[in-house]
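Student: If you scroll down you'll find the structure; I have some questions about it.
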Amino acid sequence: MALSLTDDYNLTRDQIIRAAFETIGVAVSNEPLEAEDVAVGKVAFNALAMSWKNYGLMLWKRGTATITPLVLSQASYTLAPTLGTGSEKPMKMISVSYKDSDGNETPMTRLSYREYDDLPNKTQTGTPTQYYFEPQRTGSILKIWPTADANAVSNLTIEYTYQQPIQSMADGTDDVDFPSEWYRALILNLAVDLAPKYDYGIRERQLLEAQALDALDLAKNFDVEDASLYLSPDEGY
């Protein structure tokens, strides 16, 4: 037998939901799910997927974007949520730098809320070298300091790398916004969330919870950057 030579296995939202219901014995082979069960599964699945944003950076959800043009003396830039365009609302900021007209990039220093709030003159102009990132529900804000002077407006752009949000799955035929190595974790953990609603046995549920946790750990442990980490004291304090 020949290999398939493909690595593009995809599951839709309703396929994940059905697999979860099959795991707890609600779905019967070759029979459609009741509409009410699909509705319950839809809510539970999207709630589960949205909650996994809290695990932080997932490598396949890393995006890059540019702020251009900079605006003279403007401190705040709203990063609006426009899914699928490369300018989604960032959940977390990974790195920010300014780039000159020759393509040279210089990393900017991140400020905490307190450090930004303590700046005596937030409208001071110059070359932006520091930033404060403020995630919000409907749109995130990037504040820079100093604000752009005339030279920065003419010659600089701001480049940033950020954590993209996981997209919700509104339609049953939507592909899930996870790579295939997360499918088993999705199915088993959704089954865990659905089990109490369908009187799944307590002992069976305990075994299912162990399997779901193992699948989630496996997916999370693979989804890490394979690079060295070096720590050093901040000499500025």
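Simple scheme: letters A, B, ... for chains in structure tokens order, numbers from 1 for residues in each chain, numbers from 1 for ligands in the order shown.
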Among range 95-166 of chain A, which ones does DSSP place in helix (DSSP H, G or I), written as an mmCIF file with N, CA and C atoms, in the first residue's frame?
Tutor:
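out_28.cif, freshly written:
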data_model
loop_
_atom_site.group_PDB
_atom_site.id
_atom_site.type_symbol
_atom_site.label_atom_id
_atom_site.label_comp_id
_atom_site.auth_asym_id
_atom_site.auth_seq_id
_atom_site.Cartn_x
_atom_site.Cartn_y
_atom_site.Cartn_z
ATOM 1 N N TYR A 113 1.545 48.871 33.051
ATOM 2 C CA TYR A 113 0.576 49.961 33.189
ATOM 3 C C TYR A 113 1.122 51.046 34.109
ATOM 4 N N ARG A 114 1.707 50.633 35.228
ATOM 5 C CA ARG A 114 2.216 51.609 36.192
ATOM 6 C C ARG A 114 3.348 52.435 35.587
ATOM 7 N N GLU A 115 4.240 51.774 34.842
ATOM 8 C CA GLU A 115 5.361 52.510 34.241
ATOM 9 C C GLU A 115 4.855 53.514 33.208
ATOM 10 N N TYR A 116 3.869 53.109 32.397
ATOM 11 C CA TYR A 116 3.341 54.056 31.414
ATOM 12 C C TYR A 116 2.592 55.182 32.105
ATOM 13 N N ASP A 117 1.805 54.831 33.111
ATOM 14 C CA ASP A 117 1.016 55.835 33.821
ATOM 15 C C ASP A 117 1.903 56.861 34.515
ATOM 16 N N ALA A 150 8.050 64.471 13.523
ATOM 17 C CA ALA A 150 7.930 64.560 12.071
ATOM 18 C C ALA A 150 8.845 63.566 11.363
ATOM 19 N N ASN A 151 10.045 63.350 11.893
ATOM 20 C CA ASN A 151 10.970 62.401 11.287
ATOM 21 C C ASN A 151 10.439 60.974 11.395
ATOM 22 N N ALA A 152 9.877 60.625 12.549
ATOM 23 C CA ALA A 152 9.322 59.284 12.736
ATOM 24 C C ALA A 152 8.136 59.053 11.815
ATOM 25 N N VAL A 153 7.286 60.066 11.670
ATOM 26 C CA VAL A 153 6.132 59.942 10.781
ATOM 27 C C VAL A 153 6.579 59.670 9.351
ATOM 28 N N SER A 154 7.654 60.328 8.926
ATOM 29 C CA SER A 154 8.126 60.211 7.549
ATOM 30 C C SER A 154 8.913 58.932 7.286
ATOM 31 N N ASN A 155 9.597 58.420 8.315
ATOM 32 C CA ASN A 155 10.581 57.371 8.059
ATOM 33 C C ASN A 155 10.367 56.056 8.810
#
Student: Quick one: DSSP strand (DSSP E or B) residues in range 99-206 of chain A, as a list in words?
Tutor: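 Restricting range 99-206 of chain A to strand (DSSP E or B) produces Lys99, Glu105, Thr106, Pro107, Thr109, Arg110, Thr125, Gly126, Gln130, Tyr131, Tyr132, Phe133, Glu134, Ser140, Ile141, Leu142, Lys143, Ile144, Trp145, Thr147, Ala148, Thr157, Ile158, Glu159, Tyr160, Thr161, Tyr162, Gln163 and Asp175 of chain A.
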Student: Dump N, CA, C and O atoms for the selected residues as a short mmCIF file (atom, residue, chain, number, x, y, z; two decimals), in the first residue's frame?
Tutor:
data_model
loop_
_atom_site.label_atom_id
_atom_site.label_comp_id
_atom_site.auth_asym_id
_atom_site.auth_seq_id
_atom_site.Cartn_x
_atom_site.Cartn_y
_atom_site.Cartn_z
N LYS A 99 10.69 50.17 12.56
CA LYS A 99 11.50 49.89 11.38
C LYS A 99 11.70 51.18 10.60
O LYS A 99 10.75 51.93 10.36
N GLU A 105 15.30 47.14 11.86
CA GLU A 105 14.33 47.06 12.97
C GLU A 105 15.04 47.17 14.31
O GLU A 105 16.10 46.59 14.52
N THR A 106 14.42 47.93 15.21
CA THR A 106 14.94 48.11 16.56
C THR A 106 13.87 47.73 17.56
O THR A 106 12.76 48.29 17.54
N PRO A 107 14.13 46.74 18.44
CA PRO A 107 13.11 46.34 19.42
C PRO A 107 12.75 47.50 20.34
O PRO A 107 13.60 48.29 20.75
N THR A 109 10.91 48.67 24.05
CA THR A 109 10.82 48.17 25.41
C THR A 109 9.37 48.21 25.89
O THR A 109 8.70 49.24 25.74
N ARG A 110 8.93 47.11 26.48
CA ARG A 110 7.55 47.05 26.98
C ARG A 110 7.46 47.71 28.35
O ARG A 110 8.31 47.51 29.21
N THR A 125 7.37 64.08 21.95
CA THR A 125 7.62 63.54 20.62
C THR A 125 9.08 63.11 20.47
O THR A 125 9.95 63.55 21.20
N GLY A 126 9.31 62.26 19.50
CA GLY A 126 10.65 61.75 19.22
C GLY A 126 10.54 60.44 18.46
O GLY A 126 9.56 60.19 17.75
N GLN A 130 9.44 52.87 23.42
CA GLN A 130 8.77 52.09 24.45
C GLN A 130 7.27 51.98 24.10
O GLN A 130 6.73 52.81 23.37
N TYR A 131 6.64 50.94 24.64
CA TYR A 131 5.22 50.76 24.36
C TYR A 131 4.51 50.15 25.56
O TYR A 131 5.13 49.47 26.38
N TYR A 132 3.22 50.40 25.61
CA TYR A 132 2.35 49.76 26.59
C TYR A 132 1.19 49.13 25.83
O TYR A 132 0.54 49.79 25.00
N PHE A 133 0.92 47.85 26.09
CA PHE A 133 -0.15 47.14 25.40
C PHE A 133 -1.31 46.93 26.35
O PHE A 133 -1.14 46.45 27.47
N GLU A 134 -2.52 47.26 25.88
CA GLU A 134 -3.71 47.18 26.71
C GLU A 134 -4.78 46.36 25.99
O GLU A 134 -5.50 46.88 25.12
N SER A 140 -7.92 46.02 21.01
CA SER A 140 -6.77 46.27 21.88
C SER A 140 -6.13 47.61 21.52
O SER A 140 -6.31 48.14 20.43
N ILE A 141 -5.36 48.13 22.47
CA ILE A 141 -4.73 49.45 22.29
C ILE A 141 -3.23 49.32 22.49
O ILE A 141 -2.77 48.68 23.44
N LEU A 142 -2.48 49.91 21.59
CA LEU A 142 -1.03 50.00 21.72
C LEU A 142 -0.68 51.47 21.92
O LEU A 142 -1.04 52.32 21.10
N LYS A 143 -0.02 51.76 23.04
CA LYS A 143 0.41 53.13 23.34
C LYS A 143 1.92 53.19 23.22
O LYS A 143 2.62 52.30 23.71
N ILE A 144 2.41 54.22 22.55
CA ILE A 144 3.84 54.34 22.31
C ILE A 144 4.39 55.59 22.99
O ILE A 144 3.67 56.57 23.23
N TRP A 145 5.69 55.51 23.32
CA TRP A 145 6.36 56.67 23.91
C TRP A 145 7.83 56.64 23.52
O TRP A 145 8.45 55.57 23.57
N THR A 147 5.82 59.83 21.51
CA THR A 147 4.97 59.80 20.32
C THR A 147 5.81 60.22 19.12
O THR A 147 6.90 60.78 19.26
N ALA A 148 5.31 59.93 17.94
CA ALA A 148 6.09 60.15 16.72
C ALA A 148 6.27 61.64 16.43
O ALA A 148 5.31 62.41 16.43
N THR A 157 7.93 52.87 10.64
CA THR A 157 6.70 52.11 10.87
C THR A 157 6.89 51.30 12.14
O THR A 157 8.03 51.10 12.60
N ILE A 158 5.81 50.86 12.72
CA ILE A 158 5.89 49.98 13.89
C ILE A 158 5.44 48.58 13.48
O ILE A 158 4.36 48.41 12.90
N GLU A 159 6.29 47.61 13.74
CA GLU A 159 6.00 46.21 13.42
C GLU A 159 5.76 45.46 14.73
O GLU A 159 6.50 45.65 15.70
N TYR A 160 4.74 44.63 14.76
CA TYR A 160 4.50 43.86 15.99
C TYR A 160 4.09 42.42 15.67
O TYR A 160 3.49 42.13 14.64
N THR A 161 4.46 41.54 16.58
CA THR A 161 4.07 40.13 16.53
C THR A 161 3.17 39.87 17.72
O THR A 161 3.48 40.30 18.84
N TYR A 162 2.07 39.16 17.50
CA TYR A 162 1.05 39.07 18.54
C TYR A 162 0.38 37.70 18.53
O TYR A 162 0.50 36.94 17.57
N GLN A 163 -0.32 37.42 19.61
CA GLN A 163 -1.12 36.20 19.70
C GLN A 163 -2.51 36.49 19.15
O GLN A 163 -3.23 37.35 19.64
N ASP A 175 -14.55 24.62 9.56
CA ASP A 175 -13.38 23.92 10.08
C ASP A 175 -13.06 24.48 11.46
O ASP A 175 -13.21 25.69 11.71
#
Student: What's the 8 Å shell around range 8-24 of chain A, counting only C-alpha atoms, without same-chain residues fewer than 6 positions away, as a PDB file with N, CA, C and O atoms, in the first residue's frame?
Tutor:
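Generated output (part-v7.pdb):
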ATOM      1  N   LEU A  33     -27.745  13.240  14.761  1.00  0.00           N
ATOM      2  CA  LEU A  33     -27.995  13.776  16.095  1.00  0.00           C
ATOM      3  C   LEU A  33     -29.277  14.589  16.099  1.00  0.00           C
ATOM      4  O   LEU A  33     -29.659  15.195  15.093  1.00  0.00           O
ATOM      5  N   VAL A  38     -27.305  18.964  18.974  1.00  0.00           N
ATOM      6  CA  VAL A  38     -26.346  19.764  18.210  1.00  0.00           C
ATOM      7  C   VAL A  38     -26.236  21.160  18.810  1.00  0.00           C
ATOM      8  O   VAL A  38     -25.142  21.720  18.946  1.00  0.00           O
ATOM      9  N   GLY A  41     -24.265  20.958  21.961  1.00  0.00           N
ATOM     10  CA  GLY A  41     -22.864  20.738  21.629  1.00  0.00           C
ATOM     11  C   GLY A  41     -22.191  21.986  21.085  1.00  0.00           C
ATOM     12  O   GLY A  41     -21.020  22.249  21.387  1.00  0.00           O
ATOM     13  N   LYS A  42     -22.925  22.768  20.311  1.00  0.00           N
ATOM     14  CA  LYS A  42     -22.375  24.005  19.743  1.00  0.00           C
ATOM     15  C   LYS A  42     -21.961  24.973  20.849  1.00  0.00           C
ATOM     16  O   LYS A  42     -20.858  25.534  20.823  1.00  0.00           O
ATOM     17  N   PHE A  45     -18.984  23.431  22.838  1.00  0.00           N
ATOM     18  CA  PHE A  45     -17.737  23.395  22.078  1.00  0.00           C
ATOM     19  C   PHE A  45     -17.112  24.783  21.965  1.00  0.00           C
ATOM     20  O   PHE A  45     -15.909  24.954  22.177  1.00  0.00           O
ATOM     21  N   MET A 169     -16.657  28.915  16.062  1.00  0.00           N
ATOM     22  CA  MET A 169     -17.188  28.097  14.980  1.00  0.00           C
ATOM     23  C   MET A 169     -18.704  28.234  14.973  1.00  0.00           C
ATOM     24  O   MET A 169     -19.406  27.562  15.732  1.00  0.00           O
ATOM     25  N   ASP A 171     -20.941  27.919  12.259  1.00  0.00           N
ATOM     26  CA  ASP A 171     -21.677  26.992  11.408  1.00  0.00           C
ATOM     27  C   ASP A 171     -21.140  25.573  11.568  1.00  0.00           C
ATOM     28  O   ASP A 171     -19.951  25.366  11.789  1.00  0.00           O
ATOM     29  N   GLY A 172     -22.022  24.613  11.382  1.00  0.00           N
ATOM     30  CA  GLY A 172     -21.633  23.216  11.550  1.00  0.00           C
ATOM     31  C   GLY A 172     -20.559  22.767  10.593  1.00  0.00           C
ATOM     32  O   GLY A 172     -19.800  21.839  10.889  1.00  0.00           O
ATOM     33  N   THR A 173     -20.469  23.411   9.421  1.00  0.00           N
ATOM     34  CA  THR A 173     -19.472  23.026   8.421  1.00  0.00           C
ATOM     35  C   THR A 173     -18.166  23.806   8.548  1.00  0.00           C
ATOM     36  O   THR A 173     -17.252  23.590   7.758  1.00  0.00           O
ATOM     37  N   ASP A 174     -18.086  24.711   9.538  1.00  0.00           N
ATOM     38  CA  ASP A 174     -16.837  25.457   9.747  1.00  0.00           C
ATOM     39  C   ASP A 174     -15.734  24.508  10.190  1.00  0.00           C
ATOM     40  O   ASP A 174     -15.923  23.687  11.096  1.00  0.00           O
ATOM     41  N   ASP A 175     -14.547  24.623   9.560  1.00  0.00           N
ATOM     42  CA  ASP A 175     -13.383  23.917  10.081  1.00  0.00           C
ATOM     43  C   ASP A 175     -13.059  24.481  11.458  1.00  0.00           C
ATOM     44  O   ASP A 175     -13.206  25.688  11.707  1.00  0.00           O
ATOM     45  N   VAL A 176     -12.602  23.625  12.364  1.00  0.00           N
ATOM     46  CA  VAL A 176     -12.219  24.121  13.677  1.00  0.00           C
ATOM     47  C   VAL A 176     -10.881  24.836  13.567  1.00  0.00           C
ATOM     48  O   VAL A 176     -10.027  24.472  12.757  1.00  0.00           O
ATOM     49  N   SER A 180      -4.566  19.644  13.417  1.00  0.00           N
ATOM     50  CA  SER A 180      -5.082  18.289  13.628  1.00  0.00           C
ATOM     51  C   SER A 180      -4.535  17.623  14.882  1.00  0.00           C
ATOM     52  O   SER A 180      -5.194  16.748  15.451  1.00  0.00           O
ATOM     53  N   TYR A 183      -7.075  17.622  17.711  1.00  0.00           N
ATOM     54  CA  TYR A 183      -8.429  17.085  17.542  1.00  0.00           C
ATOM     55  C   TYR A 183      -8.813  16.133  18.674  1.00  0.00           C
ATOM     56  O   TYR A 183      -9.935  16.173  19.185  1.00  0.00           O
ATOM     57  N   LEU A 186      -9.687  18.014  21.722  1.00  0.00           N
ATOM     58  CA  LEU A 186     -10.981  18.683  21.579  1.00  0.00           C
ATOM     59  C   LEU A 186     -12.134  17.710  21.792  1.00  0.00           C
ATOM     60  O   LEU A 186     -13.086  17.994  22.532  1.00  0.00           O
ATOM     61  N   ILE A 187     -12.057  16.565  21.144  1.00  0.00           N
ATOM     62  CA  ILE A 187     -13.145  15.592  21.232  1.00  0.00           C
ATOM     63  C   ILE A 187     -13.334  15.103  22.674  1.00  0.00           C
ATOM     64  O   ILE A 187     -14.449  15.104  23.212  1.00  0.00           O
ATOM     65  N   LEU A 188     -12.236  14.687  23.301  1.00  0.00           N
ATOM     66  CA  LEU A 188     -12.347  14.108  24.635  1.00  0.00           C
ATOM     67  C   LEU A 188     -12.735  15.149  25.677  1.00  0.00           C
ATOM     68  O   LEU A 188     -13.536  14.868  26.586  1.00  0.00           O
ATOM     69  N   LEU A 190     -14.421  17.950  25.127  1.00  0.00           N
ATOM     70  CA  LEU A 190     -15.823  18.300  24.907  1.00  0.00           C
ATOM     71  C   LEU A 190     -16.727  17.210  25.475  1.00  0.00           C
ATOM     72  O   LEU A 190     -17.759  17.507  26.096  1.00  0.00           O
ATOM     73  N   ALA A 191     -16.339  15.957  25.300  1.00  0.00           N
ATOM     74  CA  ALA A 191     -17.111  14.854  25.872  1.00  0.00           C
ATOM     75  C   ALA A 191     -17.190  14.966  27.395  1.00  0.00           C
ATOM     76  O   ALA A 191     -18.245  14.715  27.997  1.00  0.00           O
ATOM     77  N   LEU A 194     -19.743  17.578  28.222  1.00  0.00           N
ATOM     78  CA  LEU A 194     -21.118  17.179  27.906  1.00  0.00           C
ATOM     79  C   LEU A 194     -21.627  16.060  28.824  1.00  0.00           C
ATOM     80  O   LEU A 194     -22.837  15.939  29.041  1.00  0.00           O
ATOM     81  N   ALA A 195     -20.720  15.242  29.342  1.00  0.00           N
ATOM     82  CA  ALA A 195     -21.095  14.028  30.069  1.00  0.00           C
ATOM     83  C   ALA A 195     -22.101  14.266  31.204  1.00  0.00           C
ATOM     84  O   ALA A 195     -23.087  13.516  31.325  1.00  0.00           O
ATOM     85  N   TYR A 200     -23.936  10.519  32.107  1.00  0.00           N
ATOM     86  CA  TYR A 200     -22.850   9.561  31.872  1.00  0.00           C
ATOM     87  C   TYR A 200     -22.332   9.099  33.230  1.00  0.00           C
ATOM     88  O   TYR A 200     -22.166   9.896  34.154  1.00  0.00           O
TER      89      TYR A 200
END
Student: Please provide as a PyMOL selection string all residues within 9 Å of range 49-52 of chain A, with the sequence filter that same-chain residues fewer than 2 positions apart are discarded (counting only C-alpha atoms).
Tutor: chain A and resi 44-47+54-56+165-168+177+186
Student: Here is a test: counting only C-alpha atoms, which residue of A:Ser101, A:Lys92, A:Leu48, A:Pro120 is nearest to Thr68 in chain A?
Tutor: A:Ser101
Student: How far is it from CA of Val71 in chain A to CA of Met91 in chain A, in Å with one decimal?
Tutor: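 These atoms are spaced 23.6 Å apart.
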